[in-house]
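Asker: Compact mmCIF, C-alpha atoms, saved as run24.txt, coming up:
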```txt
# COMPACT_ATOMS: atom_id res chain seq x y z
CA MET R 1 17.70 44.55 74.06
CA ASN R 2 17.90 41.71 71.64
CA TRP R 3 14.82 40.05 72.98
CA ILE R 4 12.84 43.26 72.50
CA SER R 5 13.98 43.43 68.89
CA ASN R 6 13.03 39.79 68.40
CA LEU R 7 9.68 40.37 70.02
CA PHE R 8 8.92 43.25 67.69
CA SER R 9 9.98 41.41 64.55
CA LYS R 10 8.08 38.30 65.59
CA HIS R 11 4.87 40.11 66.59
CA TRP R 12 5.12 43.04 64.23
CA ARG R 13 1.77 42.29 62.64
CA ASN R 14 0.03 41.84 65.98
CA ILE R 15 1.51 45.10 67.25
CA HIS R 16 -0.15 46.90 64.34
CA PHE R 17 -3.46 45.26 65.13
CA ALA R 18 -3.07 46.15 68.77
CA ILE R 19 -2.29 49.78 67.98
CA ILE R 20 -5.28 50.08 65.70
CA ILE R 21 -7.60 48.44 68.20
CA LEU R 22 -6.19 50.59 70.97
CA ILE R 23 -6.66 53.84 69.05
CA SER R 24 -10.14 52.77 68.03
CA LEU R 25 -11.03 52.01 71.62
CA ILE R 26 -9.67 55.36 72.75
CA LEU R 27 -11.78 57.04 70.11
CA ILE R 28 -14.84 54.97 71.02
CA ILE R 29 -14.58 55.26 74.77
CA GLY R 30 -13.85 58.74 74.39
CA TYR R 31 -12.07 61.94 74.68
CA PRO R 32 -14.60 64.15 72.95
CA SER R 33 -12.05 66.93 72.63
CA LEU R 34 -9.63 64.56 70.87
CA ASN R 35 -12.37 63.39 68.53
CA ARG R 36 -13.33 66.96 67.73
CA PHE R 37 -9.71 67.87 67.09
CA ILE R 38 -9.29 64.93 64.65
CA SER R 39 -12.58 65.84 63.02
CA GLN R 40 -11.44 69.42 62.51
CA VAL R 41 -8.09 68.34 61.07
CA VAL R 42 -9.74 65.90 58.64
CA LEU R 43 -12.39 68.39 57.60
CA ALA R 44 -9.82 71.14 57.09
CA THR R 45 -7.38 69.04 55.09
CA VAL R 46 -9.51 66.57 53.13
CA TYR R 47 -12.91 68.18 52.72
CA TYR R 48 -12.43 71.92 52.96
CA PRO R 49 -10.54 72.40 49.64
CA PHE R 50 -13.38 70.71 47.80
CA PHE R 51 -15.98 72.70 49.73
CA LYS R 52 -14.11 75.79 48.58
CA VAL R 53 -14.12 74.62 44.95
CA LYS R 54 -17.79 73.71 45.12
CA SER R 55 -18.81 76.99 46.72
CA SER R 56 -16.74 78.90 44.15
CA PHE R 57 -18.60 77.12 41.36
CA ALA R 58 -21.90 77.80 43.11
CA ASP R 59 -20.91 81.47 43.42
CA LEU R 60 -19.99 81.58 39.74
CA SER R 61 -23.27 80.05 38.67
CA SER R 62 -25.21 82.39 40.95
CA ILE R 63 -23.26 85.33 39.53
CA ALA R 64 -24.08 84.12 36.02
CA SER R 65 -27.78 83.81 36.81
CA GLU R 66 -27.68 87.20 38.56
CA ARG R 67 -26.07 88.69 35.47
CA ASP R 68 -28.82 87.18 33.30
CA GLN R 69 -31.46 88.62 35.61
CA LEU R 70 -29.76 92.02 35.54
CA GLN R 71 -29.57 91.96 31.76
CA GLU R 72 -33.26 91.11 31.62
CA ALA R 73 -34.01 93.91 34.08
CA LEU R 74 -31.88 96.29 32.03
CA VAL R 75 -33.78 95.48 28.85
CA GLU R 76 -37.07 95.83 30.72
CA ALA R 77 -35.94 99.17 32.18
CA SER R 78 -34.80 100.48 28.81
CA VAL R 79 -38.15 99.47 27.28
CA LYS R 80 -39.94 101.24 30.13
CA LEU R 81 -37.70 104.26 29.65
CA SER R 82 -38.50 104.46 25.95
CA ILE R 83 -42.21 104.09 26.74
CA CYS R 84 -41.86 106.91 29.28
CA GLU R 85 -39.98 109.08 26.81
CA GLU R 86 -42.64 108.43 24.20
CA ALA R 87 -45.33 109.28 26.75
CA LYS R 88 -43.48 112.50 27.57
CA ARG R 89 -43.34 113.45 23.91
CA GLU R 90 -47.02 112.67 23.55
CA ASN R 91 -47.70 114.70 26.68
CA ASP R 92 -45.78 117.66 25.23
CA ARG R 93 -47.73 117.45 22.02
CA LEU R 94 -51.07 117.19 23.78
CA GLN R 95 -50.19 120.07 26.08
CA ALA R 96 -49.36 122.15 23.04
CA ALA R 97 -52.63 121.05 21.49
CA LEU R 98 -54.54 122.06 24.60
CA ARG R 99 -53.12 125.54 24.41
CA PHE R 100 -54.44 125.71 20.87
CA THR R 101 -57.76 127.55 20.65
CA PRO R 102 -60.06 126.95 17.73
CA LEU R 103 -61.53 129.60 15.58
CA ALA R 104 -64.54 131.37 16.92
CA GLY R 105 -67.74 129.51 16.08
CA TYR R 106 -65.96 126.20 15.59
CA ARG R 107 -65.51 123.19 17.80
CA LEU R 108 -62.62 120.76 17.80
CA THR R 109 -63.00 117.01 17.67
CA PRO R 110 -59.71 115.34 18.50
CA ALA R 111 -58.63 112.41 16.34
CA LYS R 112 -55.66 110.15 15.97
CA VAL R 113 -53.99 109.23 12.75
CA ILE R 114 -54.09 105.48 12.31
CA TYR R 115 -52.76 105.19 8.79
CA ILE R 116 -50.86 107.42 6.40
CA SER R 117 -50.54 106.70 2.70
CA GLY R 118 -48.08 108.04 0.20
CA PHE R 119 -45.13 107.88 2.55
CA GLY R 120 -41.84 107.42 0.86
CA ARG R 121 -39.58 109.86 -0.85
CA TYR R 122 -42.44 112.34 -1.00
CA LEU R 123 -44.73 113.71 1.65
CA PRO R 124 -47.89 111.76 2.48
CA VAL R 125 -50.98 112.69 0.52
CA SER R 126 -53.70 111.17 2.67
CA ALA R 127 -54.30 109.89 6.15
CA THR R 128 -56.93 107.88 7.97
CA ILE R 129 -58.21 108.96 11.38
CA ASP R 130 -60.06 107.09 14.10
CA ARG R 131 -63.21 109.20 13.81
CA GLY R 132 -66.05 108.66 11.42
CA ALA R 133 -69.72 109.15 10.75
CA LYS R 134 -70.56 107.92 14.24
CA ASP R 135 -68.59 110.88 15.60
CA SER R 136 -70.51 113.26 13.33
CA ILE R 137 -67.66 113.66 10.91
CA PHE R 138 -68.64 114.70 7.41
CA VAL R 139 -66.92 115.14 4.09
CA ASN R 140 -65.05 118.44 3.56
CA MET R 141 -64.63 119.17 7.25
CA PRO R 142 -61.28 120.94 7.74
CA ILE R 143 -58.53 119.15 9.63
CA ILE R 144 -56.04 121.13 11.67
CA ASN R 145 -53.57 120.79 14.47
CA GLN R 146 -51.88 123.31 16.70
CA ASP R 147 -49.48 124.25 13.89
CA GLY R 148 -52.04 124.94 11.23
CA LEU R 149 -54.16 123.56 8.40
CA ILE R 150 -53.65 119.94 7.48
CA GLY R 151 -56.36 119.19 4.93
CA ARG R 152 -59.98 118.19 4.67
CA VAL R 153 -62.11 115.10 5.18
CA ASP R 154 -62.26 113.28 1.90
CA SER R 155 -64.44 110.29 2.70
CA VAL R 156 -66.19 109.00 5.80
CA MET R 157 -66.90 105.52 7.13
CA ASP R 158 -68.68 104.64 10.32
CA ASN R 159 -65.60 104.71 12.53
CA PHE R 160 -62.95 106.10 10.24
CA ALA R 161 -62.41 108.99 7.92
CA THR R 162 -59.91 109.65 5.17
CA ILE R 163 -58.22 113.01 4.97
CA GLN R 164 -56.95 114.65 1.86
CA LEU R 165 -53.84 116.43 3.03
CA LEU R 166 -52.59 119.75 1.70
CA THR R 167 -49.72 117.80 0.24
CA ASP R 168 -52.04 116.11 -2.24
CA PRO R 169 -51.37 117.94 -5.56
CA SER R 170 -55.08 117.88 -6.36
CA ASN R 171 -55.91 119.75 -3.16
CA ARG R 172 -56.04 123.52 -3.42
CA VAL R 173 -56.68 126.15 -0.79
CA ALA R 174 -57.69 129.73 -1.33
CA ALA R 175 -55.18 131.74 0.67
CA ARG R 176 -54.17 135.26 1.53
CA LEU R 177 -51.15 136.88 3.10
CA ALA R 178 -51.66 137.80 6.70
CA GLY R 179 -49.96 141.18 6.23
CA SER R 180 -50.97 142.53 2.84
CA ARG R 181 -54.21 140.50 2.65
CA GLU R 182 -53.46 139.78 -1.01
CA MET R 183 -54.72 136.43 -2.21
CA GLY R 184 -53.54 133.43 -4.11
CA ILE R 185 -54.05 129.71 -4.27
CA VAL R 186 -51.92 127.28 -2.27
CA LYS R 187 -51.16 124.00 -3.92
CA PHE R 188 -48.57 121.33 -3.63
CA LEU R 189 -46.31 120.29 -6.46
CA ALA R 190 -44.81 116.83 -6.27
CA HIS R 191 -41.37 118.12 -7.21
CA GLY R 192 -41.69 121.75 -6.15
CA GLY R 193 -43.20 121.54 -2.69
CA MET R 194 -45.87 123.90 -1.44
CA VAL R 195 -46.38 127.01 -3.55
CA LEU R 196 -48.61 130.04 -3.59
CA ASP R 197 -50.05 130.15 -7.06
CA ASN R 198 -51.80 132.94 -8.92
CA PHE R 199 -50.16 135.63 -6.82
CA PRO R 200 -49.81 138.90 -8.82
CA ILE R 201 -46.32 139.74 -10.03
CA HIS R 202 -46.38 143.11 -8.35
CA GLY R 203 -48.15 141.92 -5.23
CA ALA R 204 -46.86 143.01 -1.83
CA ILE R 205 -45.09 139.91 -0.60
CA LYS R 206 -41.84 139.22 1.16
CA VAL R 207 -40.03 136.25 2.62
CA ASP R 208 -41.39 135.03 5.99
CA ASP R 209 -44.83 136.47 5.33
CA THR R 210 -47.53 134.35 6.86
CA VAL R 211 -50.00 132.66 4.53
CA LEU R 212 -53.50 131.95 5.86
CA SER R 213 -56.63 130.40 4.42
CA SER R 214 -58.85 133.06 2.93
CA GLY R 215 -62.20 131.40 3.57
CA LEU R 216 -63.16 131.52 -0.09
CA GLY R 217 -64.34 128.29 -1.62
CA GLY R 218 -66.48 127.27 1.32
CA VAL R 219 -64.37 124.38 2.59
CA TYR R 220 -61.74 125.97 4.82
CA PRO R 221 -62.64 128.79 7.17
CA ALA R 222 -60.63 131.98 6.97
CA GLY R 223 -57.56 132.54 9.11
CA LEU R 224 -56.08 129.02 9.32
CA MET R 225 -52.31 129.02 9.22
CA ILE R 226 -50.93 127.39 6.06
CA GLY R 227 -47.29 128.35 6.02
CA THR R 228 -44.72 131.09 5.53
CA VAL R 229 -43.16 132.46 2.40
CA ALA R 230 -39.81 130.82 1.76
CA LYS R 231 -38.77 132.15 -1.65
CA ILE R 232 -40.16 134.60 -4.18
CA THR R 233 -39.32 134.65 -7.85
CA ARG R 234 -40.70 137.32 -10.15
CA PRO R 235 -40.22 136.10 -13.72
CA GLU R 236 -40.30 138.73 -16.50
CA ASN R 237 -43.23 138.85 -18.86
CA LYS R 238 -45.38 136.70 -16.61
CA PRO R 239 -48.43 137.85 -14.71
CA PHE R 240 -47.79 135.85 -11.52
CA CYS R 241 -44.97 135.38 -9.03
CA GLU R 242 -43.52 132.02 -8.18
CA VAL R 243 -43.81 131.82 -4.43
CA LYS R 244 -42.49 128.86 -2.47
CA LEU R 245 -43.89 128.22 0.96
CA ASN R 246 -42.71 126.48 4.09
CA PRO R 247 -45.71 124.47 5.35
CA ALA R 248 -46.66 125.30 8.91
CA VAL R 249 -47.44 121.66 9.60
CA ASN R 250 -44.88 118.90 9.53
CA PHE R 251 -46.71 116.38 7.38
CA ARG R 252 -44.22 113.66 8.15
CA SER R 253 -45.14 113.55 11.84
CA LEU R 254 -48.90 113.63 11.94
CA GLU R 255 -50.28 111.94 15.04
CA GLU R 256 -52.94 113.86 16.91
CA LEU R 257 -55.11 116.28 14.99
CA PHE R 258 -58.50 117.94 15.18
CA VAL R 259 -61.54 117.95 13.02
CA LEU R 260 -62.89 121.47 12.84
CA ARG R 261 -66.66 121.44 13.22
CA LEU R 262 -69.02 124.31 12.93
CA GLU R 263 -70.59 124.92 16.31
CA ARG R 264 -74.35 124.56 16.29
CA LYS R 265 -76.16 127.33 17.99
CA MET K 1 9.29 51.78 51.85
CA ILE K 2 5.62 52.16 51.17
CA ARG K 3 4.86 55.07 48.98
CA ILE K 4 2.16 57.03 50.76
CA VAL K 5 1.41 59.60 48.06
CA PRO K 6 -1.18 57.41 46.24
CA PHE K 7 -2.94 56.76 49.53
CA ILE K 8 -3.09 60.47 50.31
CA LEU K 9 -4.54 60.97 46.84
CA TYR K 10 -7.12 58.27 47.58
CA LEU K 11 -8.11 60.20 50.69
CA PHE K 12 -8.52 63.38 48.65
CA LEU K 13 -10.51 61.37 46.13
CA ILE K 14 -12.85 60.37 48.96
CA GLY K 15 -13.09 64.02 50.00
CA MET K 16 -13.86 65.11 46.45
CA HIS K 17 -16.41 62.33 46.07
CA GLU K 18 -18.21 63.19 49.28
CA VAL K 19 -18.33 66.91 48.55
CA ILE K 20 -18.69 67.21 44.79
CA ILE K 21 -19.26 63.93 42.94
CA LYS K 22 -21.58 62.11 45.31
CA GLN K 23 -24.50 64.43 44.64
CA ALA K 24 -24.21 63.87 40.90
CA THR K 25 -23.81 60.10 41.08
CA THR K 26 -26.57 59.41 43.60
CA ILE K 27 -29.61 57.75 42.08
CA SER K 28 -32.62 58.11 44.39
CA SER K 29 -30.64 57.74 47.64
CA VAL K 30 -28.43 54.95 46.26
CA THR K 31 -24.81 56.03 46.31
CA ILE K 32 -21.45 54.60 45.40
CA ASP K 33 -19.60 53.59 48.58
CA LEU K 34 -16.26 54.93 47.42
CA PRO K 35 -14.48 54.68 50.80
CA GLY K 36 -15.47 51.01 51.13
CA LEU K 37 -14.55 50.34 47.51
CA LEU K 38 -11.11 51.93 47.91
CA VAL K 39 -10.41 49.94 51.08
CA LEU K 40 -11.40 46.71 49.31
CA LEU K 41 -9.30 47.55 46.25
CA VAL K 42 -6.28 48.33 48.43
CA ALA K 43 -6.84 45.04 50.23
CA LEU K 44 -6.91 43.26 46.86
CA TYR K 45 -3.59 44.67 45.66
CA LYS K 46 -1.58 45.71 48.74
CA PRO K 47 -0.10 44.01 51.81
CA GLU K 48 -2.08 43.28 54.94
CA ILE K 49 -0.69 46.01 57.19
CA VAL K 50 -1.21 48.62 54.48
CA SER K 51 -4.79 47.43 54.03
CA ILE K 52 -5.75 47.74 57.68
CA TRP K 53 -4.01 51.08 58.21
CA PHE K 54 -5.59 52.46 55.07
CA GLY K 55 -8.96 51.14 56.21
CA PHE K 56 -8.44 52.75 59.59
CA ILE K 57 -7.55 56.17 58.11
CA VAL K 58 -10.40 55.99 55.60
CA GLY K 59 -12.74 55.25 58.50
CA LEU K 60 -11.54 58.42 60.22
CA VAL K 61 -11.92 60.45 57.03
CA MET K 62 -15.42 59.25 56.23
CA ALA K 63 -16.58 59.82 59.82
CA ALA K 64 -15.24 63.37 59.96
CA GLY K 65 -18.74 64.74 60.32
CA ARG K 66 -19.54 62.37 63.22
CA PRO K 67 -16.69 62.65 65.75
CA ASP K 68 -18.65 60.57 68.29
CA LEU K 69 -18.51 57.58 65.90
CA PHE K 70 -14.89 57.97 64.83
CA GLY K 71 -13.69 54.85 66.58
CA TRP K 72 -16.45 52.60 65.27
CA HIS K 73 -16.02 53.74 61.68
CA ALA K 74 -12.25 53.41 61.83
CA LEU K 75 -12.45 49.98 63.39
CA ALA K 76 -15.10 48.80 60.91
CA MET K 77 -13.03 49.93 57.95
CA ALA K 78 -9.86 48.39 59.34
CA VAL K 79 -11.68 45.09 59.87
CA LEU K 80 -13.09 45.32 56.36
CA GLY K 81 -9.60 45.80 54.91
CA LEU K 82 -8.21 42.95 56.96
CA THR K 83 -11.05 40.59 56.06
CA ALA K 84 -10.83 41.40 52.37
CA PHE K 85 -7.08 40.86 52.42
CA HIS K 86 -7.49 37.41 54.00
CA PHE K 87 -10.22 36.46 51.56
CA ARG K 88 -7.84 37.40 48.76
CA GLU K 89 -4.98 35.44 50.30
CA ARG K 90 -6.87 32.31 51.18
CA LEU K 91 -9.17 32.07 48.18
CA ASN K 92 -6.47 33.21 45.77
CA LEU K 93 -8.82 35.52 43.90
CA GLU K 94 -7.81 35.91 40.29
CA SER K 95 -10.93 35.97 38.18
CA LEU K 96 -12.92 39.11 37.62
CA TYR K 97 -16.13 37.60 38.97
CA ALA K 98 -14.46 36.43 42.17
CA LYS K 99 -13.15 39.92 42.76
CA LEU K 100 -16.58 41.38 42.04
CA ALA K 101 -18.13 38.90 44.47
CA LEU K 102 -15.67 40.04 47.10
CA ILE K 103 -16.51 43.68 46.34
CA VAL K 104 -20.28 43.21 46.50
CA GLY K 105 -19.99 41.19 49.71
CA GLY K 106 -17.56 43.63 51.29
CA ILE K 107 -19.63 46.69 50.42
CA LEU K 108 -22.80 45.01 51.61
CA ILE K 109 -21.15 44.17 54.93
CA HIS K 110 -19.76 47.71 55.18
CA ASN K 111 -23.14 49.29 54.42
CA THR K 112 -24.75 47.01 56.97
CA LEU K 113 -22.14 47.94 59.54
CA LEU K 114 -22.81 51.62 58.81
CA LEU K 115 -26.51 51.06 59.40
CA ILE K 116 -25.73 49.33 62.69
CA ILE K 117 -23.22 51.97 63.79
CA GLU K 118 -25.50 54.86 62.94
CA TRP K 119 -28.45 52.93 64.30
CA GLY K 120 -31.78 54.52 63.67
CA GLU K 121 -35.30 53.65 62.74
CA GLY K 122 -36.05 51.34 59.82
CA PHE K 123 -32.95 49.17 59.59
CA PHE K 124 -34.50 46.65 57.21
CA TYR K 125 -36.09 49.31 55.07
CA LEU K 126 -32.76 51.13 54.73
CA PHE K 127 -31.01 47.85 54.09
CA LEU K 128 -33.30 47.10 51.17
CA VAL K 129 -33.54 50.63 49.84
CA SER K 130 -30.00 51.86 50.37
CA ALA K 131 -27.47 49.23 51.49
CA LEU K 132 -28.23 46.47 49.01
CA PRO K 133 -28.71 48.66 45.90
CA GLY K 134 -25.67 50.69 47.02
CA ALA K 135 -23.57 47.53 47.07
CA ILE K 136 -24.72 46.61 43.56
CA TYR K 137 -24.19 50.14 42.29
CA THR K 138 -20.68 50.23 43.78
CA THR K 139 -19.91 46.82 42.27
CA ILE K 140 -20.86 48.13 38.84
CA GLY K 141 -18.37 50.93 39.38
CA ALA K 142 -15.77 48.38 40.49
CA TRP K 143 -16.50 46.25 37.41
CA VAL K 144 -15.73 49.23 35.14
CA PHE K 145 -12.54 49.82 37.13
CA PHE K 146 -11.46 46.19 36.74
CA LEU K 147 -12.18 46.27 33.02
CA PHE K 148 -9.77 49.16 32.70
CA LYS K 149 -7.23 47.73 35.14
CA GLU K 150 -7.10 44.37 33.42
CA LYS K 151 -6.98 46.10 30.05
CA LYS K 152 -10.18 44.55 28.81
CA ILE K 153 -11.18 48.05 27.94
CA THR K 154 -8.53 50.53 26.89
CA PHE K 155 -8.76 54.07 25.62
CA GLN K 156 -7.39 52.86 22.28
CA LYS K 157 -10.24 50.36 21.99
CA ILE K 158 -12.79 53.05 22.85
CA LYS K 159 -11.15 55.35 20.33
CA SER K 160 -11.26 52.69 17.64
CA ILE K 161 -15.06 52.41 18.07
CA PHE K 162 -15.37 56.03 16.98
```
Rewrite the structure of this file - the entire thing - as structure tokens.

Answerer:
Amino acid sequence: MNWISNLFSKHWRNIHFAIIILISLILIIGYPSLNRFISQVVLATVYYPFFKVKSSFADLSSIASERDQLQEALVEASVKLSICEEAKRENDRLQAALRFTPLAGYRLTPAKVIYISGFGRYLPVSATIDRGAKDSIFVNMPIINQDGLIGRVDSVMDNFATIQLLTDPSNRVAARLAGSREMGIVKFLAHGGMVLDNFPIHGAIKVDDTVLSSGLGGVYPAGLMIGTVAKITRPENKPFCEVKLNPAVNFRSLEELFVLRLERK
Amino acid sequence: MIRIVPFILYLFLIGMHEVIIKQATTISSVTIDLPGLLVLLVALYKPEIVSIWFGFIVGLVMAAGRPDLFGWHALAMAVLGLTAFHFRERLNLESLYAKLALIVGGILIHNTLLLIIEWGEGFFYLFLVSALPGAIYTTIGAWVFFLFKEKKITFQKIKSIF
């Protein structure tokens, strides 16, 4: 036994070389199954954990980019949704407008409001529409929408026209009550809102009465809806009532409107 | 008793390099030959038997994707470790440049052996485009390592610059 021990200690280095060469030769000459087994062990222990880390990072970055794409898509979808909602509202308005029939003997020219002036604390006083002289629009043509009278054409350019709205204090409309047919003058006070002026103190009027244009004055045809009576005050020793009106038209949301044109026969 | 934990960590370092770092450090097909560098560094600082066994194992690890070439890679790495160890012993390498010369020579031989083992078309082209620049690139990495190891660069010195 001693000689074996001596042999090992003496040739210890060479034994290592021999083992390494032997294993290498076995691997070279070949047991493919052994090679595959070693390959699997090495891959599973040395490489796989890092593959896992790398793929996790790749997953994270792909999730991040996916999230960015989804956020972008969400913004795009919400923009589309608001466009659709706006289109629906416009559709509702236009459908309501289509149901609106003009006065007999008149023709409607549709127009869009492109600018409103006087917006602020008070109601607007004028608006600009996308129709003008080229569309046969003339000064003093009445402007209406499905709710009622809006105003009249104040000035005309080739492609645009300016409207003096009923909310302009200098604009006055001869009016009458739909029920009693009694007349007055509708005007707009900057601090008092729309009123029916010059209405007799003992006139037959009550709250919620409808006020229409009377046709007097030559600008507005008779029968256009102006508003409803909101409040009546009958001061003593005065010849006229103080009548406040609720305008039929919402002057803060003017978009589509119609120019009322006399139909040529 | 030889502590094997650092060597296992070296193997994992090779795994990490191959899977994660290699892609980032490759400059137009020129890569750092980390397995070869580690075998040479072990041969520079460790005993002979350790060097050849480490070379052998590293050869197995780096050939994990090519089981048919296991033996050749393992043998080549073991021979590389043994040769580097004997160069160190006989030439008594102490200076930085001598060590770098050993590294560049060793890596060049290793890269050449790899080209021969995985023999394909365009040996000379690959030698010029990949093996030689790879050896230089790896030597630059080794130079940085030696600067840190021999304390010519320390973190305190780097800190003091800023």

Asker: Near chain R, meaning an atom within 7 Å, which residues of chain K appear when counting only C-alpha atoms? Write them as an MDAnalysis selection string.

Answerer: chainID K and resid 11:12 15:16 19:20 61 64:65 67:72 74:75

Asker: Neighbours of segment 177-182 of chain R within 12 Å (all atoms listed in the file; same-chain residues fewer than 6 positions away dropped), as number ranges by chain?

Answerer: R: 196-214, 222-229, 243, 245

Asker: Extract, using all atoms listed in the file, all DNA, RNA and protein residues at most 12 Å from Lys46 of chain K, discarding same-chain residues fewer than 6 positions from it, and format them as a tab-separated table (two decimals) with C-alpha atoms, in the coordinates of the input.

Answerer:
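What ended up in out.tsv:
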```tsv
chain	number	residue	atom	x	y	z
K	2	ILE	CA	5.62	52.16	51.17
K	3	ARG	CA	4.86	55.07	48.98
K	6	PRO	CA	-1.18	57.41	46.24
K	7	PHE	CA	-2.94	56.76	49.53
K	38	LEU	CA	-11.11	51.93	47.91
K	39	VAL	CA	-10.41	49.94	51.08
K	40	LEU	CA	-11.40	46.71	49.31
K	52	ILE	CA	-5.75	47.74	57.68
K	53	TRP	CA	-4.01	51.08	58.21
K	54	PHE	CA	-5.59	52.46	55.07
K	55	GLY	CA	-8.96	51.14	56.21
K	81	GLY	CA	-9.60	45.80	54.91
K	82	LEU	CA	-8.21	42.95	56.96
K	84	ALA	CA	-10.83	41.40	52.37
K	85	PHE	CA	-7.08	40.86	52.42
K	86	HIS	CA	-7.49	37.41	54.00
K	88	ARG	CA	-7.84	37.40	48.76
K	89	GLU	CA	-4.98	35.44	50.30
```

Asker: Please compute the atom CA of Gly148 of chain R-atom CA of Ser82 of chain R distance, one decimal, in Å.

Answerer: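 So the answer is 28.6 Å.
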